[in-house]
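The next block holds one structure in the form of structure tokens; read it before the comments.
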Amino acid sequence: MGSQIFSAILVIIVGVGGCVAYFWGANKLLDLAFPSRGVAGRAAIDNLRRQGIVRPWLFVGPALLILTVYLIYPVVDTLRLSFMDRAGQNFVGLANYQWAVGDREFRTSILNNFLWLAVVPAACTFLGLIIAVLTDKIWWGNIAKSLVFMPLAISFVGASVIWKFIYEYRAEGQTQIGILNAFIQYLGGTPQVWISIPFWNNFFLMVILIWIQTGFAMVILSSALRGIPEETIEAAVIDGANPFQIFWRIMVPQIWGTIAVVWTTITILVLKVFDIVLTMTNGQWNSQVLANLMFDWMFRGGGDFGRGAAIAVVIMLAVVPIMIWNIRQATRESGEGH
Amino acid sequence: MADLTLRDVKKSYGAVNILHGIDLDIKSGEFIVFVGPSGCGKSTLLRSIAGLEEITSGTLQIAGETVNDVPPSQRGIAMVFQSYALYPHMTVYDNMAFGMKIAKAPKAEIDRRVKQAADILQLTPYLDRLPKAMSGGQRQRVAIGRAIVRNPKVFLFDEPLSNLDAALRVATRIEIAKLKESMPQTTMIYVTHDQVEAMTLADRIVVLKDGRIEQVGTPMELYCKPGNLFVAQFIGSPAMNILPVTIERGGAPTAVRLPSGTVAHVPIATPANATGTKASFGVRPEDLRVADDAEGGALFEGTVDYIEQLGEVQLAYIDIGRQGEQLVAKMPGNAEVARGGILRLTASPGNLHLFDENGRTYAVSDRAVQAA
Amino acid sequence: MADLTLRDVKKSYGAVNILHGIDLDIKSGEFIVFVGPSGCGKSTLLRSIAGLEEITSGTLQIAGETVNDVPPSQRGIAMVFQSYALYPHMTVYDNMAFGMKIAKAPKAEIDRRVKQAADILQLTPYLDRLPKAMSGGQRQRVAIGRAIVRNPKVFLFDEPLSNLDAALRVATRIEIAKLKESMPQTTMIYVTHDQVEAMTLADRIVVLKDGRIEQVGTPMELYCKPGNLFVAQFIGSPAMNILPVTIERGGAPTAVRLPSGTVAHVPIATPANATGTKASFGVRPEDLRVADDAEGGALFEGTVDYIEQLGEVQLAYIDIGRQGEQLVAKMPGNAEVARGGILRLTASPGNLHLFDENGRTYAVSDRAVQAA
Amino acid sequence: ELKFKPGEDARFTWANYDDLKKVDLKGETLSIFGPWRGEDEALARSVLEYFSEATGATINYASSENYEQQIVIDTQAGSPPNIAILPQPGLIQDLASKGLLTPLDEGTANFVKENYGAGQSWVDLGTFNDKDGKAGFYGFPFKADLKSLVWYVPENFEEAGYEVPKTWEDMQKLTDQIVADGGVPWCIGLGSGGATGWPATDWVEDIMLRTQTPEVYDQWTKNEIKFNDPAVVNALTIFADIATNDKYVDGGKAAVAATDFRDSPKGLFAVPPKCYLHRQASFISSFFPEGTELGEDADFFYLPAYASKPELGTPVLGGGTLFTITKDSKAARAFIDYLKMPLAHEIWMAQSGFLTPLKTVNKDAYANDALKRQGDILVDATTFRFDGSDLMPGKIGAGAFWTGMIDLVGGKSPEAVGTDIQKSWDGIK
Amino acid sequence: MANTRGKSFIGRFGVHIAVLIFVAIWTIPTLGILVTSLRDKDQITVSGWWTALTSSTQTVAGRLPGASAQVERDGTFVIEGNIFESGSGQVGAFGTRVQAPTQYAAGETAELNDGVTMQLNEDGSFVLTSPQAFEGDRGQRVYYSVLQPPSFTTENYNTVLFSEGIGRSFLNSLTVTVPATVIPILIAAFAAYALAWMRFPGRALLIAAIIGLLVVPLQMSLIPLLKLYNGVGAFFGVPAKTYLGIWLAHTGFGLPFAIYLLRSYIAGLPREIMESARIDGASDFEIFVKIVLPLSFPVLASFAIFQFLWVWNDLLVAMVFLGSGSDQLVLTGKLNALLGSRGGDWEILATSAFVTIIVPLIVFFSLQRYFVRGLLAGSVKGG
Ligand SMILES: Nc1ncnc2c1ncn2[C@@H]1O[C@H](COP(=O)(O)OP(=O)(O)OP(=O)(O)O)[C@@H](O)[C@H]1O
Ligand SMILES: Nc1ncnc2c1ncn2[C@@H]1O[C@H](COP(=O)(O)OP(=O)(O)OP(=O)(O)O)[C@@H](O)[C@H]1O
Ligand SMILES: [Mg+2]
Ligand SMILES: [Mg+2]
């Protein structure tokens with residue numbers, strides 16, 4: 001055990017150290033190549049300018065390289081595959097896309113995805129924000145936060161077990177082991193098979209994701225909330241604003257950028273989510289979503305890389321509006337601020 | 001309507017005590033100015049009155065009601081923050097209108113009041129800007145505007161004019177004075193470092209030091225009858241000259257021996273047992289004048305070390321002792337004094353001050369009070 | 001060593017022009033003060049010199065080298081920001097030491113210099129605090145300390161004393177003056193709103209208005225010979241009294257008709273063709289005195305509207321016309337003036353100023369320059 | 001260490017072990033991806049250990065909930081394990097047609113044909129088309145599941161006076177009898193998370209085998225007869241008649257799709273019993289309450305055939321895992337050879353949850369009587385057919401078919417369900 | 001700062017109540033799984049987890065001893081004993097047929113076939129009498145309703161926590177997770193700083209691209225990347241599946257979010273601070289390390305929490321890019337292997353969920369303190 005711990009620590013040190021060494025070393029090297037300290041006048045200034053040209057690339061370099069290898073290359077490969085047949089060997093043109101347009105399941109998925117996109121990011125962000133704000137004010141806030149955070153730390157498999165025990169259905173009159181139906185039965189209602197009620201089952205699945213991701217929104221937003229200058233809140237208090245007004249008109253606008261980040265991230269996550277659908281319904285009862293459909297064609301029984309890739313491309317295209325919106329946001333902020 | 005009463009108000013940040021028991025009565029409609037060295041607790045006191053800081057002990061009453069735990073919004077106050085505390089995401093207009101919008105004032109009324117304030121503060125061209133695109137002074141004006149747009153019972157100003165240029169400062173100062181006059185029932189509490197502001201605006205000045213009140217009084221009281229050495233030196237600019245002396249003979253007048261050896265007779269009564277004790281002798285730079293040859297002994301004689309020319313007046317820094325004792329004298333701008341020259345200075349006896357070993361002023365009963 | 005030359009420096013934020021072509025030569029070792037109304041572009045100019053703003057056009061030279069695109073760190077400057085810009089996560093000590101640590105100065109040296117600066121600025125007890133646990137004035141002092149700890153070729157101060165109390169202000173002002181004296185080669189550029197600071201510290205004062213230079217000159221030049229109406233009113237506090245007049249007869253001296261109807265003879269040469277034109281007549285409050293009955297006609301006569309008592313002096317606001325024209329006169333603190341009383345005022349002819357229709361000063365060649 | 005000491009227990013064919021020792025694979029590593037986790041993994045490892053012990057090869061066995069996905073990724077990316085164990089012929093077909101599998105040694109097919117009960121069925125099962133459409137024997141069947149079983153609690157039967165039915169018709173009568181007595185005959189649970197619906201496909205397949213000839217069954221799995229063919233619709237209808245009859249199933253038809261298949265047998269053991277009959281494959285006994293003794297507390301009978309169709313005999317539906325070589329090596333081939341030895345089967349037989357169609361094994365090695373009886377059913381089957389949904393293309397057998405079953409128990413008409421599935425099938429042709 | 005700005009009673013407790021409600025809703029599912037993980041395997045699907053917290057009446061089946069326990073007394077054969085092994089319990093009613101399990105009240109005597117009688121008392125003691133000798137080893141079944149106290153077991157935790165090799169896989173997980181958390185933070189923070197505060201051509205494009213890359217589905221990347229790994233591994237003659245490989249993979253997948261999140265935060269820092277450092281002579285590197293990094297702690301901490309979580313809970317990437325040998329198998333893989341092949345082991349799942357949650361929670365708690373309020377307070381005046 002001891003040697004294992006030792007080697008684990010060694011491996012960790014090598015990994016992290018290597019990374020630190022790069023940044024430190026590359027920067028040092030640049031300073032050596034174009035010295036600015038101890039060099040007189042013009043030369044120093046020229047060197048500084050050269051440093052200024054090179055340094056941003058030293059900073060973004062590793063990120064760029066990794067992004068290219070780990071994301072851009074697969075994207076290109078996916079694009080290529082989407083024009084290929086099931087084995088990814090022969091070019092078939094737009095056939096996969098044509099198929100998708102005609103496929104009933106695909107269309108259901110698109111509709112469901114819209115539903116998810118409309119509900120989940122908004123709900124998570126909103127709830128996360130509320131919880132972040134409320135817990136900030138109380139002494140046991142950190143405990144409350146970690147309880148809300150907990151679902152995030154539970155793996156998807158764990159989460160699906162949890163929710164199985166919430167939505168579990170037993171016929172009317174029997175002992176319910178799902179708490180939701182137990183509750184309904186306690187109130188005198190009829191137990192429902194929640195996950196099989198078409199259309200509404202989407203919402204029952206969304207609840208799971210909301211339950212998980214609210215913690216995410218909460219963590220990020222609460223760190224942003226703490227960055228709000230206290231004085232602006234004090235000023236608002238003096239201006240007579242009540243807590244709601246302070247929240248909506250002083251706090252929210254000041255962390256608007258972060259809210260956008262959270263919203264975007266969850267939106268994108270929703271586009272990619274499939275674990276929940278997979279484990280709860282696997283898309284049955286009309287609850288299919290794009291990511292699960294893609295996964296289906298790719299790996300599970302479908303075995304059709306072309307179609308899988310085509311769906312992936314559709315998912316990736318869906319992000320374009322979000323991208324544009326974010327770029328606007330980013331340029332506006334740098335236009336004013338820089 | 002809005003009397004303020006502070007009784008033994010204390011405030012500490014953790015173990016550090018900032019306010020050590022403040023007792024203060026402010027009458028409705030008074031204009032009170034807090035002065036004191038940087039870090040003495042002025043902002044803290046103001047924030048405590050506003051309700052932004054919970055006081056550690058003591059009671060705070062507004063209009064007869066204890067407000068220790070009344071939220072700020074219920075205290076009927078407006079405040080200008082030393083650090084502006086503008087809402088970064090709102091335009092100047094919205095910054096100023098916010099309080100009234102919250103109060104659900106009619107739109108037209110809001111507009112009128114904001115425009116009016118903007119006019120006074122010369123902010124009209126900037127109403128659509130965000131704070132970050134404004135200069136320091138402009139931001140400060142927005143902060144003032146925000147307070148005056150509302151119509152509170154108590155105004156709290158924390159160094160509201162520190163970043164304004166002289167002209168604007170005078171103009172704004174006068175606007176504040178007018179504002180005060182137009183609402184005689186409104187209490188104003190004002191923190192400043194500017195002597196002129198303090199002197200011109202205040203009904204009463206509160207001098208703070210290290211979280212304690214040193215003296216409370218009208219401007220002229222503080223100027224003419226400083227209660228102690230600290231107040232004497234703090235009020236007036238440049239500060240009063242203070243010299244260590246020995247009391248040659250207590251009584252009225254008192255004879256003191258100056259460092260130069262001269263014995264001066266000060267028309268201040270000291271107890272007889274003060275004879276022989278150390279004391280501090282004070283004279284304001286503006287009360288010093290060049291001794292006529294006609295007059296007998298000058299009080300001081302020294303070499304001019306340095307001259308600051310301020311236009312209308314000049315300040316002469318005069319070395320008068322072997323131990324580097326220095327006096328500042330304010331002279332007319334056109335008086336002929338040269339660096340290195342020798343000056344003989346005197347002052348009318350009524351303008352001399354004397355403080356005991358602990359810095360307390362000796363009773364001034366016998367002393368001719370100057371006409372205000 | 002560190003001359004500064006600005007040639008047609010312009011700066012705009014988007015479509016808004018802030019600086020409209022600044023031409024300025026600053027000699028190495030000079031102490032230059034920028035003054036001007038809030039928002040006129042002082043900070044922007046300072047930031048451009050520092051290299052924090054890219055100038056839109058023009059050239060900026062330091063020590064003969066064009067530095068338009070030299071990064072701030074290479075310009076050999078230190079700067080005190082109007083908004084402090086402290087490092088919030090560092091203690092006061094670290095805030096001050098940061099620059100030297102970056103420059104890899106020896107530890108002992110850093111310590112010595114930081115301690116020394118803290119001493120000067122009375123910050124020693126706070127060296128371990130974070131900025132957020134400091135008062136406004138203390139923060140400002142840290143910002144100053146940060147600049148003086150380093151040893152730059154050019155110092156840039158943006159309203160460094162605005163949050164300090166009077167005593168500390170004087171002390172720090174003198175420290176800055178001394179600092180300047182101890183490094184005669186260092187150029188200092190200083191933005192302030194405080195007349196006294198400007199007058200006492202500056203070798204030359206630059207008056208800015210709306211992004212343009214109005215006048216550059218020594219303090220006394222600006223005070224005695226303001227180049228135009230704006231400067232005349234801007235320098236000096238309270239501002240110069242300005243009255244609209246008609247030139248009765250050009251020439252030297254010039255006869256002008258005051259609003260009151262009185263004709264005054266001003267020892268200023270005006271061209272003959274100025275006869276009949278409108279002009280502005282100026283006299284400083286401190287140059288006004290109560291007319292002796294002995295002397296002939298007083299220049300002005302009016303009712304005292306309001307009196308500000310500043311201790312040593314008092315300001316009398318006097319209504320002199322039907323159109324609400326008002327004069328301010330500075331009188332000795334003990335002069336007996338009462339609100340509502342009638343005052344007759346005069347001034348010595350050498351202290352009168354005259355400006356043409358466009359606000360330009362009429363040549364003063366004939367005028368007796370007052371002894372500085 | 002080995003589970004049973006070589007040479008000590010006469011139930012095992014130790015001669016095999018000695019043969020195995022002659023193969024020297026020292027220094028070789030054999031990587032295996034398989035479906036077994038948990039207890040099953042321990043059992044599987046006990047079989048593997050004999051191989052590594054005897055030959056000196058190192059075996060790396062790995063599994064996970066998404067190991068199938070991992071096999072696709074790994075084979076596709078070029079770092080496959082040596083051997084992949086897959087329960088879905090559909091997936092193997094996929095890999096084979098992409099050229100990612102290595103054919104087994106010649107003679108292996110023959111071996112299976114001769115030594116396995118219903119040998120040809122197994123050979124057909126392991127035969128797939130490669131990239132060029134050429135058929136080859138890729139999948140070695142090892143470990144079988146018997147699906148045509150109905151589970152019951154003998155004492156409950158006894159107390160209620162019920163008899164084990166011998167024919168489908170009897171079973172139908174029993175069903176009605178139970179209803180008449182105020183009980184509920186069946187527990188059916190189709191829930192299985194992402195695979196919800198599959199238990200119903202077994203029902204349909206079993207019914208197909210009992211209503212149609214094996215040939216029709218084969219055509220069906222190859223879609224040579226349509227999914228909405230009357231023969232299929234008939235089977236769907238028979239199943240629907242049971243599963244959607246509120247009186248027949250525990251919890252009513254709404255509960256059928258909602259109940260997890262792992263939970264559904266628990267109804268048998270409730271007090272009072274929620275149901276008396278549960279049709280499920282042999283593995284289900286591991287989900288019985290702890291301490292349940294097979295043969296005593298719970299027992300099974302063969303899902304009876306129609307008395308009215310004697311010509312169909314006693315068909316058996318089964319499943320099993322196929323071992324494929326995804327990266328060829330000497331050790332991999334030696335390992336497949338090891339699987340042909342009775343010993344490899346006997347070791348697992350002697351523990352639990354293992355059936356084998358291999359006729360050369362010592363049947364006494366079965367750990368208990370129940371297992372042995374299941375083994376007998378398997379070996380004695382006149383017709384053995386592999387789980388049809390597993391034979392169909394994944395998108396159908398592990399997709400549209402499941403969804404169709406959900407729809408069916410949800411109340412959709414059998415014809416419509418058949419048509420839907422057929423549509424999906426057309427979509428992937 | 002001012003915490004209690006003197007709120008009204010409702011104002012003060014409203015927040016607490018609201019938070020309490022939120023927390024309750026959020027915790028109920030988790031609590032469910034916690035209780036489940038402590039329950040007996042067979043109980044999980046029989047009754048609701050919330051009932052496990054209280055005593056409940058249940059009807060169960062028991063079996064009386066077989067013939068070997070009989071004694072002959074006055075010509076009748078008697079079997080006596082107590083159905084409660086632990087000797088305590090309370091029988092409400094009993095029955096002898098499963099169809100009528102509560103036919104007789106406790107203490108009554110039931111008549112069985114062939115003159116056999118049975119009596120079951122409240123305390124669980126029973127008397128079975130028969131005129132003929134009993135036969136067979138399997139005794140008479142008896143059904144009875146019983147008040148069952150809450151019963152919990154730590155067995156599931158024993159199974160999980162003491163399974164073989166768990167320590168090793170825990171270490172492996174840490175070995176994967178720590179660098180896979182730290183490396184992307186470093187790389188992303190540098191890039192984010194450059195994108196926020198440095199000027200270089202293509203900056204806007206890069207920002208756009210990063211948002212776009214957020215959406216790339218992980219599943220699509222696996223095959224091409226693994227191909228690449230295999231290629232590189234073959235080229236250098238090293239194994240394709242190494243720790244380095246998985247760190248980089250996690251870094252790659254986490255990077256877009258990291259850069260996106262960090263950039264938006266770093267861009268919001270007051271520019272005066274940065275300018276002031278620049279004037280102090282700090283280079284970009286120094287500004288980044290000495291000013292930006294410390295001031296970005298809150299956001300770095302949030303990202304660290306998430307990245308840690310994702311990596312810690314990941315199984316797929318680890319299975320694909322890291323081998324599954326004992327020196328590489330991660331904790332999730334190990335726990336996954338404990339599950340049966342057909343995945344019905346909810347008690348194990350529930351337990352694993354709780355076992356794996358602990359480390360992320362520790363991380364969360366320890367990083368919480370970096371969510372400092374007013375980190376920037378006192379730095380600039382204005383805004
Ligand atoms: N980012 C910006 N965008 C647009 N206008 C700006 C921006 N920053 C400053 N300004 C404007 O530029 C003008 C000059 O600002 P600057 O800060 O230089 O004034 P200043 O002379 O320092 O004033 P003060 O004495 O009040 O600090 C002001 O009118 C201000 O509103
Ligand atoms: N959060 C805090 N924690 C500890 N000490 C603090 C804190 N805030 C302020 N102080 C200290 O309290 C004292 C009083 O501060 P305060 O802001 O009231 O001073 P001030 O009189 O307004 O000074 P200034 O004129 O410089 O604004 C100062 O010495 C300051 O260092
Ligand atoms: Mg203050
Ligand atoms: Mg400025």
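Labeling convention for the structure tokens: chains A, B, ... as they appear, residues from 1 per chain, ligands from 1 in order of appearance.
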*Could you tell me, counting only C-alpha atoms and all ligand atoms, which protein and nucleic acid residues lie no more than 10 Å from ligand 3, written as a ChimeraX atom specification?*
/B:36-47,81-83,158-159,191-193 /C:134-139,163-164
_Based on the backbone DSSP call, show me all residues of range 37-240 of chain E assigned strand (DSSP E), as a PyMOL selection string._
chain E and resi 56-63+71-73+76-82+91-95+104-105+109-111+117-120+125-130+141-148
Residues of chain C within 12 Å of ligand 2: nearest atom pair and distance (Å, one decimal) for each, counting only C-alpha atoms and all ligand atoms, sorted by chain and number, as a Markdown table?
```
| residue | atom | partner | partner_atom_place_in_ligand_line | distance |
| --- | --- | --- | --- | --- |
| C:Val92 | CA | ligand 2 | 31 (O) | 11.1 |
| C:Gln122 | CA | ligand 2 | 29 (O) | 11.2 |
| C:Leu123 | CA | ligand 2 | 31 (O) | 9.8 |
| C:Thr124 | CA | ligand 2 | 31 (O) | 11.6 |
| C:Pro125 | CA | ligand 2 | 29 (O) | 9.2 |
| C:Tyr126 | CA | ligand 2 | 31 (O) | 7.2 |
| C:Leu127 | CA | ligand 2 | 31 (O) | 10.6 |
| C:Asp128 | CA | ligand 2 | 31 (O) | 10.8 |
| C:Arg129 | CA | ligand 2 | 31 (O) | 8.0 |
| C:Leu130 | CA | ligand 2 | 3 (N) | 8.7 |
| C:Pro131 | CA | ligand 2 | 31 (O) | 8.6 |
| C:Lys132 | CA | ligand 2 | 1 (N) | 6.1 |
| C:Ala133 | CA | ligand 2 | 2 (C) | 3.6 |
| C:Met134 | CA | ligand 2 | 31 (O) | 3.7 |
| C:Ser135 | CA | ligand 2 | 17 (O) | 3.4 |
| C:Gly136 | CA | ligand 2 | 27 (O) | 3.7 |
| C:Gly137 | CA | ligand 2 | 26 (O) | 3.0 |
| C:Gln138 | CA | ligand 2 | 26 (O) | 5.1 |
| C:Arg139 | CA | ligand 2 | 26 (O) | 7.3 |
| C:Gln140 | CA | ligand 2 | 26 (O) | 7.9 |
| C:Arg141 | CA | ligand 2 | 26 (O) | 8.9 |
| C:Val142 | CA | ligand 2 | 26 (O) | 11.1 |
| C:Leu161 | CA | ligand 2 | 26 (O) | 10.5 |
| C:Ser162 | CA | ligand 2 | 25 (O) | 9.9 |
| C:Asn163 | CA | ligand 2 | 25 (O) | 6.2 |
| C:Leu164 | CA | ligand 2 | 25 (O) | 6.1 |
| C:Asp165 | CA | ligand 2 | 25 (O) | 6.5 |
| C:Ala166 | CA | ligand 2 | 25 (O) | 10.2 |
| C:Ala167 | CA | ligand 2 | 25 (O) | 11.6 |
| C:Leu168 | CA | ligand 2 | 26 (O) | 10.2 |
| C:Arg169 | CA | ligand 2 | 25 (O) | 11.2 |
```
Please identify all residues of chain D having at least one atom at most 7 Å from any atom of chain A, considering only C-alpha atoms, and return them as a compact mmCIF listing (two decimals) with C-alpha atoms, in the first residue's frame.
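So selection_33.txt came out as:
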```txt
# COMPACT_ATOMS: atom_id res chain seq x y z
CA GLN D 69 -19.97 0.20 -26.05
CA VAL D 72 -17.29 -1.19 -30.27
CA LEU D 91 -23.77 -7.01 -32.22
CA ASP D 94 -22.10 -5.97 -36.75
CA LYS D 98 -16.95 -4.58 -40.33
CA GLY D 193 -34.12 0.67 -17.29
CA GLY D 194 -32.68 1.29 -20.70
CA ALA D 195 -33.76 -2.14 -21.91
CA GLY D 251 -51.03 -4.81 -10.38
CA GLY D 252 -53.06 -4.76 -13.53
CA ALA D 255 -47.98 -2.32 -13.72
CA ALA D 258 -43.67 -0.25 -14.92
CA PRO D 393 -30.53 -6.40 -35.88
CA GLY D 394 -29.85 -4.39 -32.76
CA LYS D 395 -32.02 -1.53 -33.79
CA ALA D 398 -32.88 -4.08 -28.86
CA THR D 403 -40.75 -0.30 -27.83
```
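The space between CA of Asp31 in chain A and CA of Gln51 in chain A spans 7.5 Å.
If you measure from each of E:Lys381, E:Ile279, E:Val216, E:Ile17 to ligand 4 using only C-alpha atoms and all ligand atoms, the closest one turns out to be E:Lys381.
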*asked:* Matching each Cα of chain C to its counterpart in chain B by order, what RMSD results from the least-squares fit?
replied: 0.1 Å
*as a ChimeraX atom specification, which residues of range 210-360 of chain E does DSSP assign to helix (DSSP H, G or I)?*
/E:210-213,218-236,243-266,271-279,284-295,297-313,316-321,331-338,346-360
